[in-house]
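As structure tokens, the structure follows; a few thoughts come after it.
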Amino acid sequence: MTKKNFTNAEKGWERGVIASKIANDLPHASYVNLGIGMPELVSQHIKDDREIIYHSENGLLGMGPTPNENEIDFDLINAGKKPVTILPGGSFCHHADSFSMIRGGHIDYCVLGAMEVSMNGDLANWSTGKGIPAVGGAMDLVAGAKNVFVMTQHLTKEGKPKLVEKCTLPLTGSGVVSRVYTDYAIIDITKEGFKIVEINENLSIEYLQTVTEGRVYQ
Amino acid sequence: MQINKIKKEIAEMLSDVFDGATIMVGGFGEAGSPIELLHGLIDHGAKDLTIIANNSGNGRVGLGALIGQKQVKKVICSFARSAKGITFQELYNKGEIELEVVPQGTLAERIRAAGSGIPAFYTATAVGTPLAIGKEEKIFNGKKYILEEALNADFALIKADVSDRYGNLTFKKTARNFNPIMCMAAKQSLIQVRKLIEPHQTNPENVITPGIFVKKIIEIDNPIIETNAIEEGMIYP
């Protein structure tokens, strides 16, 4: 597989569309942790037929949306250190209990961003190898959550494939990703390679293969 | 004679701190960060400190200020990067401060373990990553784990919401975070609280950290809010 730069890459689904596809795959009554950044959009697309409970690593279960400006409390923040709210039925706990929810396998789904995902489900999303190394809770989430979903653009800003045969960046976890949602496709990690669950209606499998390192199949 | 852990002066709170001490600092970002005690530590002047915290401070307030004063030789934390984290970034780039990166849940569990008399434990977190290098591996039920050791400390600087003179603590919202487990892990946990109450006013059902884990308490009724202090241009000292 050639390492090309796809500078004139095809336009894929908008972020909101990817978020709504993930939202549709989260079952009613799931306990979910959404990573900082793009994954946070998922909560805006949950349909009325289900209730999802959001966990934030810093000891908050039952996290609600961003507060109005006059309701901001810097003692009520999320894992990204941004002010949030707590919903009725929510609770606070200390950090060891909060991470027991993750490491003890109680979180049903986590949705995280990615720099690279490999064919065997390795994830690299915490370090480019440059600057101050900072990991936060990412390694705990991928090791502990029952299902690890990745939400990402299919290509990097430079036009390089993020789905690769083998990660080159420092790993967050090994063999941990179950499903990847990109602007081009929804892909399951299987023993046979990247299995297409759904492909963007404007793209061909041949095109998807050219922008993916490693075998894609349907 | 009655037990009374309440102190009047921050200097009394920090009177046993020594050069080279390992100090846990509670808080997650600014929520639950004991800014007044950290400023007291700057005034105290102890050097060569090892700091255990989730982050590495913002601006020149609280932990950011302590690091800026070059009183810290090493930081053990999960996330030492932040847009406003100027002092750590500067010293790190110059190679003047050490950093041990620990996954956040492993950090919490290493602290909890220390407070519970558990010297080490196995975890799946970080298996197969650069943070597992040099750590003992063991397989349980077909799955690989690494050995992580407890993190003990000489002191913990903690912000709580309410306490009585025994040190029965409650915390506010997500300002709880690392604070209760750090109280358990340090030889001396030093607590700043927003409000002191009488023991009969403490509801035993609501106590988060029982007084056995608390050494000294001081009331700081209107603590500095980091975001506002940085916006206002505060620089300590």
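Residue numbers start at 1 in each chain; chains themselves are named A, B, ... in the order of the structure tokens; ligands are numbered from 1 in the order shown.
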Considering only C-alpha atoms, return as an MDAnalysis selection string whatever protein or nucleic-acid residues lie within 9 Å of Val111 of chain A, sequence-local ones (same chain, fewer than 6 positions apart) excluded. chainID A and resid 22 32:35 39:40 42 147:151
Go through chain B and flag each residue having an atom no more than 10 Å from chain A; for those, report the closest pair of atoms plus their distance in Å to one decimal, using only C-alpha atoms, ordered by chain and rising number, as CSV.
```
residue,atom,partner,partner_atom,distance
B:Gly27,CA,A:Asn58,CA,9.5
B:Phe28,CA,A:Asn58,CA,7.0
B:Gly29,CA,A:Lys81,CA,6.4
B:Glu30,CA,A:Phe74,CA,7.5
B:Ala31,CA,A:Asp75,CA,4.8
B:Gly32,CA,A:Asp75,CA,7.1
B:Ser33,CA,A:Asp75,CA,9.8
B:Asn54,CA,A:Gly136,CA,8.2
B:Asn55,CA,A:Gly136,CA,9.1
B:Cys77,CA,A:Ala134,CA,8.4
B:Ser78,CA,A:Gly136,CA,4.8
B:Phe79,CA,A:Ala134,CA,4.4
B:Ala80,CA,A:Ala134,CA,5.7
B:Arg81,CA,A:Ala134,CA,6.2
B:Ser82,CA,A:Ala134,CA,9.6
B:Phe88,CA,A:Ile132,CA,9.6
B:Gln89,CA,A:Ile132,CA,7.6
B:Tyr92,CA,A:Ile132,CA,7.8
B:Asn93,CA,A:Ile132,CA,8.5
B:Leu99,CA,A:Pro133,CA,8.8
B:Glu100,CA,A:Pro133,CA,9.2
B:Val101,CA,A:Ala134,CA,6.6
B:Val102,CA,A:Val135,CA,7.3
B:Pro103,CA,A:Gly136,CA,5.7
B:Gln104,CA,A:Gly137,CA,4.8
B:Gly105,CA,A:Phe99,CA,5.2
B:Thr106,CA,A:Asp140,CA,7.6
B:Leu107,CA,A:Ala96,CA,8.7
B:Ala108,CA,A:Ala96,CA,5.0
B:Glu109,CA,A:Ala96,CA,5.7
B:Arg110,CA,A:Ala96,CA,9.1
B:Ile111,CA,A:Ala96,CA,8.4
B:Arg112,CA,A:Ala96,CA,6.7
B:Ala113,CA,A:Ala96,CA,9.6
B:Thr123,CA,A:Arg103,CA,8.3
B:Ala124,CA,A:Ala143,CA,6.0
B:Thr125,CA,A:Asp140,CA,5.1
B:Ala126,CA,A:Met139,CA,5.6
B:Val127,CA,A:Gly173,CA,6.7
B:Gly128,CA,A:Ser174,CA,5.6
B:Thr129,CA,A:Leu171,CA,5.0
B:Pro130,CA,A:Pro170,CA,6.5
B:Leu131,CA,A:Thr172,CA,9.1
B:Phe171,CA,A:His94,CA,9.7
B:Lys172,CA,A:Asp75,CA,6.7
B:Lys173,CA,A:Leu76,CA,5.7
B:Thr174,CA,A:Leu76,CA,5.1
B:Ala175,CA,A:Asp75,CA,5.2
B:Arg176,CA,A:His94,CA,5.7
B:Asn177,CA,A:His94,CA,4.6
B:Phe178,CA,A:His95,CA,5.2
B:Asn179,CA,A:His94,CA,7.5
B:Pro180,CA,A:His94,CA,6.7
B:Ile181,CA,A:Ala96,CA,7.3
B:Ile208,CA,A:His94,CA,9.2
B:Ile225,CA,A:Phe74,CA,7.8
B:Glu226,CA,A:Phe74,CA,8.9
B:Thr227,CA,A:Phe74,CA,8.1
B:Asn228,CA,A:Phe74,CA,9.8
```
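Straight-line separation from atom CA of Ile196 of chain A to atom CA of Leu155 of chain A: 16.4 Å.
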Find the spatial neighbours of Ile53 of chain A, counting only C-alpha atoms, within a cut-off of 8 Å - ignore same-chain residues fewer than 5 positions away - and output them as a ChimeraX atom specification. /A:29-32,61-63
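The residue set within 7 Å of segment 181-184 of chain A, counting only C-alpha atoms and dropping same-chain residues fewer than 2 places from it, reads Gly12, Trp13, Glu14, Ile18, Val150, Met151, Thr152, Gln153, His154, Arg179, Ile186, Ile187, Ile199 and Asn200 of chain A.
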Next, dump the selected residues to file, keeping only N, CA and C atoms, as a JSON list (two decimals), in the first residue's frame.
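File selection_30.json, as written:
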```
[["chain", "number", "residue", "atom", "x", "y", "z"],
["A", 12, "GLY", "N", -16.55, 14.17, 2.59],
["A", 12, "GLY", "CA", -17.34, 13.12, 3.23],
["A", 12, "GLY", "C", -18.49, 13.68, 4.04],
["A", 13, "TRP", "N", -19.00, 12.87, 4.97],
["A", 13, "TRP", "CA", -20.07, 13.33, 5.86],
["A", 13, "TRP", "C", -19.59, 14.48, 6.72],
["A", 14, "GLU", "N", -20.51, 15.40, 7.03],
["A", 14, "GLU", "CA", -20.22, 16.45, 8.01],
["A", 14, "GLU", "C", -20.11, 15.81, 9.39],
["A", 18, "ILE", "N", -21.75, 12.28, 11.20],
["A", 18, "ILE", "CA", -20.99, 11.19, 11.85],
["A", 18, "ILE", "C", -21.49, 11.03, 13.29],
["A", 150, "VAL", "N", -14.18, 4.88, 17.78],
["A", 150, "VAL", "CA", -13.34, 6.00, 17.36],
["A", 150, "VAL", "C", -14.13, 6.87, 16.40],
["A", 151, "MET", "N", -14.07, 8.18, 16.62],
["A", 151, "MET", "CA", -14.71, 9.15, 15.73],
["A", 151, "MET", "C", -13.62, 10.06, 15.18],
["A", 152, "THR", "N", -13.46, 10.06, 13.87],
["A", 152, "THR", "CA", -12.32, 10.80, 13.30],
["A", 152, "THR", "C", -12.56, 11.11, 11.83],
["A", 153, "GLN", "N", -11.80, 12.06, 11.32],
["A", 153, "GLN", "CA", -11.74, 12.25, 9.87],
["A", 153, "GLN", "C", -10.97, 11.06, 9.30],
["A", 154, "HIS", "N", -11.29, 10.66, 8.08],
["A", 154, "HIS", "CA", -10.62, 9.50, 7.49],
["A", 154, "HIS", "C", -9.15, 9.80, 7.19],
["A", 179, "ARG", "N", -14.86, -0.23, 16.71],
["A", 179, "ARG", "CA", -15.48, 0.35, 15.51],
["A", 179, "ARG", "C", -14.98, 1.77, 15.27],
["A", 186, "ILE", "N", -18.23, 3.76, 8.06],
["A", 186, "ILE", "CA", -18.22, 3.13, 9.38],
["A", 186, "ILE", "C", -17.54, 1.78, 9.19],
["A", 187, "ILE", "N", -16.53, 1.52, 10.00],
["A", 187, "ILE", "CA", -15.68, 0.35, 9.77],
["A", 187, "ILE", "C", -15.49, -0.43, 11.06],
["A", 199, "ILE", "N", -20.79, 2.71, 3.92],
["A", 199, "ILE", "CA", -19.86, 3.59, 3.20],
["A", 199, "ILE", "C", -20.62, 4.83, 2.75],
["A", 200, "ASN", "N", -19.93, 5.97, 2.78],
["A", 200, "ASN", "CA", -20.52, 7.23, 2.33],
["A", 200, "ASN", "C", -21.13, 7.03, 0.95]]
```
Going by DSSP on the backbone, which bits of segment 26-221 of chain B are helix (DSSP H, G or I)? Write them as a VMD selection string, please. chain B and resid 35 to 44 63 to 68 86 to 93 104 to 115 130 to 132 173 to 175 179 to 185 199 to 201 204 to 206 211 to 213
With distances taken over only C-alpha atoms, which of B:Ala150, B:Cys183, B:Leu190, B:Val17 is nearest to Gly117 of chain B?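 Of B:Ala150, B:Cys183, B:Leu190, B:Val17, the one nearest Gly117 of chain B, counting only C-alpha atoms, is B:Ala150.
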For a quick check of understanding, using only C-alpha atoms, which of A:Asn125, A:Thr66, A:Asn120, A:Thr210 has the smallest distance to Glu165 of chain A?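 Smallest separation from Glu165 of chain A among the options: A:Asn120.
The gap separating atom CA of Lys159 of chain B from atom CA of Ile72 of chain A is 19.6 Å, in Å to one decimal.
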Determine which residues of segment 7-180 of chain B DSSP labels as strand (DSSP E) from the backbone of this structure, then write them out as a PyMOL selection string. chain B and resi 22-25+49-52+72-77+98-101+120-123+137-140+143-149+153-163
Just the residues within 6 Å of Gly85 of chain B, please, counting only C-alpha atoms, with nothing from its chain fewer than 2 positions along; format it as a list in words.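 That gives Gly57, Asn58, Gly59, Ser82, Ala83 and Thr87 of chain B.
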Applying 7 Å and only C-alpha atoms, which residues near Gly62 of chain B remain after dropping the ones on its own chain fewer than 3 positions away? List them as a VMD selection string. chain B and resid 35 38 to 39 57 65 to 66
Atom CA of Ile220 of chain B to atom CA of Lys195 of chain B, straight-line distance in Å: 7.4 Å
Have a look at B:Ile235, B:Ala229, B:Ala120, B:Ile139 and name the one nearest to Asn152 of chain B; count only C-alpha atoms.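 For Asn152 of chain B, the nearest of the given residues is B:Ala120.
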